[in-house]
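Data file: upload.tsv. Format and content: TSV, C-alpha atoms.
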chain	number	residue	atom	x	y	z
R	17	MET	CA	0.59	-29.55	-15.70
R	18	GLY	CA	2.54	-27.23	-13.40
R	19	ARG	CA	2.66	-27.36	-9.64
R	20	GLU	CA	0.15	-25.46	-7.53
R	21	LYS	CA	1.32	-21.95	-6.82
R	22	LYS	CA	2.19	-21.03	-3.25
R	23	VAL	CA	0.96	-17.83	-1.62
R	24	SER	CA	1.98	-16.09	1.59
R	25	CYS	CA	0.32	-13.17	3.35
R	26	VAL	CA	2.66	-10.54	4.79
R	27	ILE	CA	1.19	-8.42	7.59
R	28	LEU	CA	3.23	-5.49	8.89
R	29	ASN	CA	2.70	-4.57	12.55
R	30	TYR	CA	3.88	-1.54	14.46
R	31	ASN	CA	2.59	-0.98	18.00
R	32	ASP	CA	-0.83	-2.35	17.01
R	33	ALA	CA	-0.96	-6.01	17.99
R	34	ASP	CA	-4.71	-5.83	18.64
R	35	THR	CA	-5.54	-5.06	15.00
R	36	THR	CA	-2.89	-7.45	13.69
R	37	GLU	CA	-4.15	-10.30	15.85
R	38	LYS	CA	-7.71	-9.83	14.61
R	39	LEU	CA	-6.57	-10.15	11.00
R	40	VAL	CA	-4.34	-13.16	11.69
R	41	ARG	CA	-7.17	-14.98	13.45
R	42	ARG	CA	-9.44	-14.34	10.45
R	43	VAL	CA	-7.04	-15.46	7.72
R	44	TYR	CA	-4.69	-18.13	9.05
R	45	ARG	CA	-7.13	-20.94	8.17
R	46	CYS	CA	-7.50	-19.65	4.60
R	47	ARG	CA	-6.68	-22.61	2.32
R	48	SER	CA	-5.47	-20.29	-0.42
R	49	LEU	CA	-2.68	-19.08	1.85
R	50	ASN	CA	0.30	-21.37	2.43
R	51	ALA	CA	1.86	-19.12	5.05
R	52	VAL	CA	1.18	-16.00	7.12
R	53	VAL	CA	4.29	-13.89	7.71
R	54	ILE	CA	3.92	-11.28	10.43
R	55	VAL	CA	6.61	-8.60	10.48
R	56	ASP	CA	6.89	-6.67	13.71
R	57	ASN	CA	8.49	-3.38	12.69
R	58	HIS	CA	10.50	-2.92	15.91
R	59	SER	CA	7.45	-2.11	18.04
R	60	ALA	CA	8.04	-0.47	21.40
R	61	ASP	CA	4.97	-1.94	23.11
R	62	GLY	CA	5.85	-5.63	23.34
R	63	SER	CA	3.94	-6.55	20.18
R	64	GLY	CA	6.62	-8.95	19.00
R	65	LYS	CA	6.37	-11.16	22.08
R	66	ARG	CA	2.58	-11.15	21.93
R	67	LEU	CA	2.52	-12.06	18.23
R	68	ARG	CA	5.04	-14.88	18.68
R	69	LYS	CA	2.76	-16.29	21.37
R	70	LEU	CA	-0.19	-15.97	18.99
R	71	ALA	CA	1.66	-17.90	16.27
R	72	GLU	CA	2.46	-20.70	18.70
R	73	GLU	CA	-1.16	-20.84	19.81
R	74	LEU	CA	-2.73	-20.91	16.35
R	75	ASN	CA	-0.37	-22.73	13.99
R	76	PRO	CA	3.43	-22.38	14.32
R	77	GLU	CA	3.95	-24.33	11.10
R	78	LYS	CA	1.97	-21.84	9.05
R	79	ILE	CA	2.48	-18.55	10.91
R	80	VAL	CA	5.93	-16.96	11.03
R	81	VAL	CA	6.84	-13.89	13.10
R	82	LEU	CA	9.82	-11.80	11.98
R	83	GLU	CA	11.18	-8.91	14.00
R	84	ALA	CA	12.86	-5.97	12.27
R	85	GLU	CA	16.01	-4.58	13.88
R	86	LYS	CA	14.64	-1.06	13.46
R	87	ASN	CA	11.48	0.66	12.25
R	88	GLY	CA	12.50	1.46	8.70
R	89	GLY	CA	8.96	2.26	7.58
R	90	TYR	CA	6.35	0.59	5.39
R	91	GLY	CA	8.64	-0.42	2.55
R	92	ALA	CA	11.49	-1.80	4.65
R	93	GLY	CA	9.14	-3.76	6.90
R	94	ASN	CA	7.21	-5.31	4.04
R	95	ASN	CA	10.42	-6.07	2.14
R	96	LEU	CA	11.55	-8.17	5.09
R	97	GLY	CA	8.40	-10.30	4.79
R	98	ILE	CA	8.51	-10.44	1.00
R	99	TYR	CA	12.15	-11.50	0.85
R	100	TYR	CA	11.57	-14.16	3.52
R	101	SER	CA	8.53	-15.44	1.63
R	102	TYR	CA	10.49	-15.77	-1.60
R	103	GLU	CA	13.94	-16.82	-0.41
R	104	VAL	CA	13.08	-19.02	2.58
R	105	LEU	CA	9.50	-20.18	2.04
R	106	GLN	CA	9.78	-20.25	-1.78
R	107	MET	CA	6.42	-18.58	-2.33
R	108	ASP	CA	5.27	-17.64	-5.82
R	109	TYR	CA	2.96	-14.82	-4.80
R	110	VAL	CA	2.83	-12.55	-1.78
R	111	LEU	CA	-0.33	-10.87	-0.52
R	112	ILE	CA	0.70	-7.68	1.28
R	113	ALA	CA	-2.03	-6.70	3.74
R	114	ASN	CA	-2.34	-3.87	6.23
R	115	PRO	CA	-3.59	-5.05	9.64
R	116	ASP	CA	-6.75	-2.94	9.17
R	117	VAL	CA	-8.14	-4.84	6.16
R	118	GLU	CA	-10.63	-7.67	5.74
R	119	PHE	CA	-10.70	-10.00	2.75
R	120	SER	CA	-12.20	-13.31	1.69
R	121	GLU	CA	-10.60	-16.52	0.48
R	122	SER	CA	-12.22	-16.09	-2.92
R	123	THR	CA	-10.43	-12.76	-3.33
R	124	VAL	CA	-7.06	-14.44	-2.77
R	125	SER	CA	-7.89	-17.25	-5.21
R	126	ARG	CA	-9.09	-14.90	-7.93
R	127	LEU	CA	-6.07	-12.66	-7.62
R	128	VAL	CA	-3.87	-15.73	-8.12
R	129	ARG	CA	-5.96	-16.71	-11.13
R	130	LEU	CA	-5.46	-13.24	-12.58
R	131	PHE	CA	-1.69	-13.67	-12.38
R	132	GLU	CA	-1.90	-17.12	-13.93
R	133	THR	CA	-3.85	-15.87	-16.94
R	134	HIS	CA	-1.78	-12.68	-17.41
R	135	PRO	CA	1.94	-13.52	-17.34
R	136	ASP	CA	2.99	-9.87	-17.62
R	137	LEU	CA	1.41	-8.93	-14.26
R	138	GLY	CA	3.68	-7.88	-11.43
R	139	VAL	CA	1.02	-6.45	-9.10
R	140	ALA	CA	-2.74	-6.95	-8.70
R	141	ALA	CA	-5.38	-5.80	-6.23
R	142	ALA	CA	-9.10	-6.13	-5.61
R	143	SER	CA	-11.45	-3.16	-5.37
R	144	MET	CA	-11.43	-1.39	-2.03
R	145	GLU	CA	-14.39	-0.65	0.22
R	146	ASP	CA	-13.95	1.87	3.01
R	147	PRO	CA	-16.49	2.09	5.88
R	148	VAL	CA	-16.06	5.89	5.91
R	149	TYR	CA	-15.59	6.75	2.23
R	150	GLY	CA	-17.47	3.88	0.57
R	151	THR	CA	-16.38	1.94	-2.53
R	152	GLN	CA	-13.28	3.45	-4.08
R	153	ARG	CA	-11.50	3.15	-7.43
R	154	ASN	CA	-8.21	2.22	-5.85
R	155	GLY	CA	-6.29	2.17	-9.11
R	156	TRP	CA	-4.83	5.31	-10.67
R	157	PRO	CA	-2.44	6.47	-13.40
R	158	LEU	CA	1.13	7.54	-12.82
R	159	LEU	CA	1.23	11.32	-13.17
R	160	GLY	CA	3.84	13.80	-14.22
R	161	PHE	CA	5.21	16.31	-11.73
R	162	TRP	CA	2.60	19.06	-12.03
R	163	ARG	CA	-0.42	16.76	-11.94
R	164	HIS	CA	1.04	14.75	-9.05
R	165	LEU	CA	1.59	18.01	-7.18
R	166	ALA	CA	-2.02	19.05	-7.83
R	167	LYS	CA	-3.23	15.70	-6.50
R	168	SER	CA	-1.45	16.29	-3.19
R	169	GLY	CA	-3.67	19.24	-2.19
R	170	PRO	CA	-7.17	18.68	-0.70
R	171	ILE	CA	-8.71	21.49	-2.76
R	172	SER	CA	-6.72	21.15	-5.99
R	173	ARG	CA	-7.30	17.38	-5.95
R	174	ARG	CA	-11.05	17.97	-6.04
R	175	LEU	CA	-10.91	20.79	-8.58
R	176	PHE	CA	-8.78	18.89	-11.08
R	177	ARG	CA	-10.05	15.35	-10.40
R	178	PRO	CA	-11.04	14.61	-14.04
R	179	PHE	CA	-7.43	15.24	-15.08
R	180	LEU	CA	-5.87	13.21	-12.26
R	181	GLU	CA	-7.76	9.91	-12.34
R	182	TYR	CA	-9.17	7.39	-14.77
R	183	GLY	CA	-12.69	8.25	-15.89
R	184	GLU	CA	-15.64	6.05	-14.96
R	185	GLU	CA	-15.86	4.85	-18.56
R	186	TYR	CA	-12.45	3.21	-18.14
R	187	PHE	CA	-13.94	0.75	-15.63
R	188	ALA	CA	-17.45	0.37	-17.03
R	189	GLY	CA	-18.48	-3.16	-17.98
R	190	LYS	CA	-15.10	-4.71	-17.18
R	191	SER	CA	-14.12	-7.42	-14.72
R	192	ALA	CA	-10.49	-6.27	-14.50
R	193	VAL	CA	-8.45	-3.39	-15.90
R	194	HIS	CA	-4.82	-2.46	-16.24
R	195	VAL	CA	-3.84	0.51	-14.08
R	196	ASP	CA	-0.47	2.04	-13.28
R	197	VAL	CA	-0.81	1.97	-9.49
R	198	VAL	CA	-3.02	0.32	-6.84
R	199	HIS	CA	-3.60	1.22	-3.21
R	200	GLY	CA	-1.03	-0.19	-0.81
R	201	SER	CA	-3.45	-1.35	1.89
R	202	MET	CA	-3.82	-4.72	0.19
R	203	LEU	CA	-2.20	-5.97	-3.00
R	204	MET	CA	-0.66	-9.14	-4.36
R	205	VAL	CA	2.75	-9.26	-6.03
R	206	ASP	CA	4.55	-11.84	-8.10
R	207	ALA	CA	7.44	-12.65	-5.76
R	208	LEU	CA	10.06	-13.19	-8.47
R	209	LYS	CA	9.13	-9.99	-10.30
R	210	MET	CA	9.18	-8.12	-7.00
R	211	MET	CA	12.75	-9.33	-6.49
R	212	GLU	CA	13.70	-8.17	-9.98
R	213	CYS	CA	12.32	-4.73	-9.14
R	214	SER	CA	14.27	-4.69	-5.83
R	215	GLY	CA	11.08	-4.58	-3.81
R	216	TYR	CA	9.90	-1.37	-2.18
R	217	ASP	CA	12.22	1.62	-2.11
R	218	GLU	CA	13.36	1.68	1.52
R	219	ALA	CA	14.42	5.32	1.33
R	220	VAL	CA	10.70	6.17	1.68
R	221	PHE	CA	9.42	5.75	5.22
R	222	LEU	CA	5.70	6.21	4.54
R	223	TYR	CA	3.55	7.47	1.62
R	224	ASN	CA	4.18	7.37	-2.14
R	225	GLU	CA	5.32	3.73	-1.97
R	226	GLU	CA	2.52	2.78	-4.36
R	227	ASP	CA	3.59	5.19	-7.11
R	228	ILE	CA	7.21	4.12	-6.76
R	229	LEU	CA	6.27	0.44	-6.98
R	230	GLY	CA	4.11	1.08	-10.04
R	231	TRP	CA	6.94	3.05	-11.62
R	232	ARG	CA	9.47	0.27	-10.91
R	233	MET	CA	7.18	-2.41	-12.31
R	234	LEU	CA	6.63	-0.51	-15.55
R	235	GLU	CA	10.37	0.15	-15.82
R	236	HIS	CA	10.93	-3.63	-15.78
R	237	GLY	CA	8.14	-4.29	-18.29
R	238	TYR	CA	5.52	-5.54	-15.81
R	239	ARG	CA	1.96	-4.36	-15.43
R	240	THR	CA	-0.51	-3.75	-12.62
R	241	ALA	CA	-4.16	-4.81	-12.60
R	242	LEU	CA	-7.27	-3.97	-10.60
R	243	LEU	CA	-9.81	-6.77	-10.16
R	244	LEU	CA	-13.28	-5.23	-10.18
R	245	THR	CA	-15.29	-8.36	-9.32
R	246	GLU	CA	-13.73	-8.81	-5.85
R	247	THR	CA	-13.52	-6.40	-2.94
R	248	TYR	CA	-11.78	-6.04	0.38
R	249	VAL	CA	-12.55	-3.75	3.31
R	250	HIS	CA	-10.03	-1.16	4.41
R	251	ARG	CA	-10.69	0.62	7.68
R	252	HIS	CA	-9.14	3.85	6.51
R	253	SER	CA	-5.65	4.40	7.93
R	254	GLU	CA	-6.62	2.85	11.25
R	255	SER	CA	-3.10	1.70	12.09
R	256	ILE	CA	-1.41	4.78	10.67
R	257	SER	CA	-3.70	7.13	12.60
R	258	LYS	CA	-2.92	5.29	15.83
R	259	THR	CA	0.81	5.60	15.26
R	260	TYR	CA	0.90	9.05	13.68
R	261	GLY	CA	-2.10	10.72	15.26
R	262	ASP	CA	-0.89	14.25	14.58
R	263	VAL	CA	-2.11	15.34	11.14
R	264	TRP	CA	0.90	17.65	10.79
R	265	LYS	CA	3.36	14.81	11.37
R	266	ARG	CA	1.59	12.77	8.72
R	267	GLN	CA	1.69	15.69	6.32
R	268	LYS	CA	5.40	16.17	6.94
R	269	LEU	CA	5.97	12.51	6.03
R	270	ARG	CA	3.86	12.96	2.89
R	271	ASN	CA	5.90	15.96	1.81
R	272	GLN	CA	9.24	14.25	2.45
R	273	SER	CA	8.19	11.16	0.48
R	274	ALA	CA	6.77	13.23	-2.38
R	275	MET	CA	9.95	15.29	-2.69
R	276	TYR	CA	12.06	12.14	-2.76
R	277	TYR	CA	9.81	10.69	-5.49
R	278	TYR	CA	9.99	13.90	-7.52
R	279	LYS	CA	13.76	14.07	-7.34
R	280	LYS	CA	14.69	10.42	-7.86
R	281	TYR	CA	11.97	9.18	-10.18
R	282	LEU	CA	10.51	12.24	-11.92
R	283	LYS	CA	13.90	14.00	-12.16
R	284	ILE	CA	12.57	17.46	-11.35
R	285	ASN	CA	14.66	20.59	-11.86
R	286	PRO	CA	15.46	23.24	-9.18
R	287	LEU	CA	12.55	25.47	-10.25
R	288	GLN	CA	10.10	22.57	-9.90
R	289	GLU	CA	11.57	21.74	-6.50
R	290	LEU	CA	10.97	25.31	-5.37
R	291	ALA	CA	7.41	25.17	-6.70
R	292	ALA	CA	6.81	21.97	-4.74
R	293	ARG	CA	8.11	23.46	-1.50
R	294	VAL	CA	5.87	26.51	-1.90
R	295	PHE	CA	2.88	24.30	-2.73
R	296	PHE	CA	3.49	22.15	0.36
R	297	GLN	CA	3.09	25.27	2.49
R	298	ILE	CA	-0.15	26.11	0.69
R	299	VAL	CA	-1.36	22.58	1.38
R	300	ARG	CA	-0.65	23.03	5.09
R	301	PHE	CA	-2.99	26.03	5.05
R	302	GLU	CA	-5.57	24.06	3.04
R	303	ILE	CA	-5.50	21.26	5.60
R	304	TRP	CA	-5.99	23.70	8.44
R	305	PHE	CA	-8.85	25.46	6.62
R	306	CYS	CA	-10.60	22.25	5.50
R	307	SER	CA	-10.32	20.51	8.88
R	308	ARG	CA	-10.86	23.41	11.26
R	309	VAL	CA	-13.25	25.63	9.28
R	310	LEU	CA	-15.08	23.23	6.96
R	311	GLY	CA	-14.89	20.19	9.26
R	312	MET	CA	-13.54	17.92	6.52
R	313	LYS	CA	-11.55	14.78	7.38
R	314	TRP	CA	-7.92	14.56	6.30

Represent the structure of the file as structure tokens.
Amino acid sequence: MGREKKVSCVILNYNDADTTEKLVRRVYRCRSLNAVVIVDNHSADGSGKRLRKLAEELNPEKIVVLEAEKNGGYGAGNNLGIYYSYEVLQMDYVLIANPDVEFSESTVSRLVRLFETHPDLGVAAASMEDPVYGTQRNGWPLLGFWRHLAKSGPISRRLFRPFLEYGEEYFAGKSAVHVDVVHGSMLMVDALKMMECSGYDEAVFLYNEEDILGWRMLEHGYRTALLLTETYVHRHSESISKTYGDVWKRQKLRNQSAMYYYKKYLKINPLQELAARVFFQIVRFEIWFCSRVLGMKW
């Protein structure tokens, strides 16, 4: 009989110690977690000092605070926690959690069980509940260039939804399903397999990390699963909206990340690159029209 698997929870903080502290206080007593690794992504508001004090107050043997030398984005910050979990703490699995999520101990345990019963898994996540948007199917297929481009527009995404997502019949009557990609707000990774895949691509600052991770896992022969019997709450982009409150700045980041993904992973040609740049401008108009005229949230 093998040893009990060890699990860490990596929480990435940037200028949002309030939200991070709330999550740490909720989860640090979780028996399914052997360590909580907080990564302060070079915050400018004194978060690092506050979080170190929190770790000392709650449990310095279980809670670790790492400070990044610079804010390299979502992937770089989480990689710091993942690598530390694997190389220093010798964790088997790493739960990567945004500060704005809530999850139960049973969710952690059942995700671990899913890995133990499916040796080919590299990534797994529970179903996501959003207070604004409700229960979501937070697993989706990897798409080719044109369909991925269509998914990036608020109008085209709705028009072509049946061609961009798994159908409801794919999930019906199942407790777990294989998907290509899961939402990055909370997911568990096999630490060793994550190392083999070189972790997150640190050339991406924010957005499209999920697709790249799914692509890398498949390239190495590993699969991703969505557990339908467990849920977690994600307070939609709470931390991101605080940091990048301007919708245009967020859209610029989306476009930069998408173009990088298209070039490096989908190997687009110059004509496709031109089409993407034109479409990004159309999306800017769509965002303006949907938010200002129709009152839709973006």

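In this model, the gap between CA of Trp231 in chain R and CA of Leu203 in chain R comes to 15.5 Å.
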
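Distances here use only C-alpha atoms; by that measure, the residue among R:Tyr182, R:Arg270, R:Glu103, R:Ser143 closest to Val220 in chain R is R:Arg270.
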
Report as a short mmCIF file (atom, residue, chain, number, x, y, z; two decimals) with C-alpha atoms, keeping the file's coordinate frame all protein, DNA and RNA residues lying within 9 Å of Leu229 in chain R, evaluated on all atoms listed in the file, omitting residues in the same chain fewer than 4 positions from it.
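Saved result, part09.cif, follows:
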data_model
loop_
_atom_site.label_atom_id
_atom_site.label_comp_id
_atom_site.auth_asym_id
_atom_site.auth_seq_id
_atom_site.Cartn_x
_atom_site.Cartn_y
_atom_site.Cartn_z
CA VAL R 139 1.02 -6.45 -9.10
CA VAL R 197 -0.81 1.97 -9.49
CA CYS R 213 12.32 -4.73 -9.14
CA GLY R 215 11.08 -4.58 -3.81
CA TYR R 216 9.90 -1.37 -2.18
CA ASP R 217 12.22 1.62 -2.11
CA ASN R 224 4.18 7.37 -2.14
CA GLU R 225 5.32 3.73 -1.97
CA MET R 233 7.18 -2.41 -12.31
CA LEU R 234 6.63 -0.51 -15.55
#

task = Find the residue from R:Arg173, R:Lys190, R:Arg129, R:His164 that sits nearest to Met204 in chain R; use only C-alpha atoms when measuring.
result = R:Arg129

ask   = What lies within 10 Å of Asn75 in chain R using all atoms listed in the file, ignoring chain neighbours under 3 positions off, as a ChimeraX atom specification?
value = /R:44-45,51-52,70-72,78-80

Would you mind exporting the chosen residues as a short mmCIF file (atom, residue, chain, number, x, y, z; two decimals), in the coordinates of the input, restricted to C-alpha atoms?
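As a result, selection_39.cif now contains:
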data_model
loop_
_atom_site.label_atom_id
_atom_site.label_comp_id
_atom_site.auth_asym_id
_atom_site.auth_seq_id
_atom_site.Cartn_x
_atom_site.Cartn_y
_atom_site.Cartn_z
CA TYR R 44 -4.69 -18.13 9.05
CA ARG R 45 -7.13 -20.94 8.17
CA ALA R 51 1.86 -19.12 5.05
CA VAL R 52 1.18 -16.00 7.12
CA LEU R 70 -0.19 -15.97 18.99
CA ALA R 71 1.66 -17.90 16.27
CA GLU R 72 2.46 -20.70 18.70
CA LYS R 78 1.97 -21.84 9.05
CA ILE R 79 2.48 -18.55 10.91
CA VAL R 80 5.93 -16.96 11.03
#

Show me, as JSON lines, the residues of range 83-179 of chain R having an atom within 9 Å of range 295-298 of chain R, each with the closest atom pair and its distance in Å, using all atoms listed in the file.
{"residue": "R:Leu165", "atom": "CA", "partner": "R:Phe295", "partner_atom": "CA", "distance": 7.8}
{"residue": "R:Ala166", "atom": "CA", "partner": "R:Phe295", "partner_atom": "CA", "distance": 8.8}
{"residue": "R:Ser168", "atom": "CA", "partner": "R:Phe296", "partner_atom": "CA", "distance": 8.4}
{"residue": "R:Gly169", "atom": "CA", "partner": "R:Phe296", "partner_atom": "CA", "distance": 8.1}

key: Selection near Glu85 in chain R, 12 Å with all atoms listed in the file, sequence-local residues under 6 positions removed, as a VMD selection string   = chain R and resid 55 to 60 64 92 to 93 96

Could those residues be written to a file, using C-alpha atoms, as a PDB file, in the coordinates of the input?
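Dumped to selection-v2.pdb:
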ATOM      1  CA  VAL R  55       6.610  -8.600  10.480  1.00  0.00           C
ATOM      2  CA  ASP R  56       6.890  -6.670  13.710  1.00  0.00           C
ATOM      3  CA  ASN R  57       8.490  -3.380  12.690  1.00  0.00           C
ATOM      4  CA  HIS R  58      10.500  -2.920  15.910  1.00  0.00           C
ATOM      5  CA  SER R  59       7.450  -2.110  18.040  1.00  0.00           C
ATOM      6  CA  ALA R  60       8.040  -0.470  21.400  1.00  0.00           C
ATOM      7  CA  GLY R  64       6.620  -8.950  19.000  1.00  0.00           C
ATOM      8  CA  ALA R  92      11.490  -1.800   4.650  1.00  0.00           C
ATOM      9  CA  GLY R  93       9.140  -3.760   6.900  1.00  0.00           C
ATOM     10  CA  LEU R  96      11.550  -8.170   5.090  1.00  0.00           C
TER      11      LEU R  96
END

task = Using all atoms listed in the file, find all polymer residues with an atom at most 10 Å away from the point (-9.7, -13.3, -0.1); report them as a ChimeraX atom specification.
result = /R:43,46,48-49,111,118-127,142,246-248

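A straight line drawn from CA of Gly89 in chain R to CA of Leu222 in chain R is 6.0 Å long.
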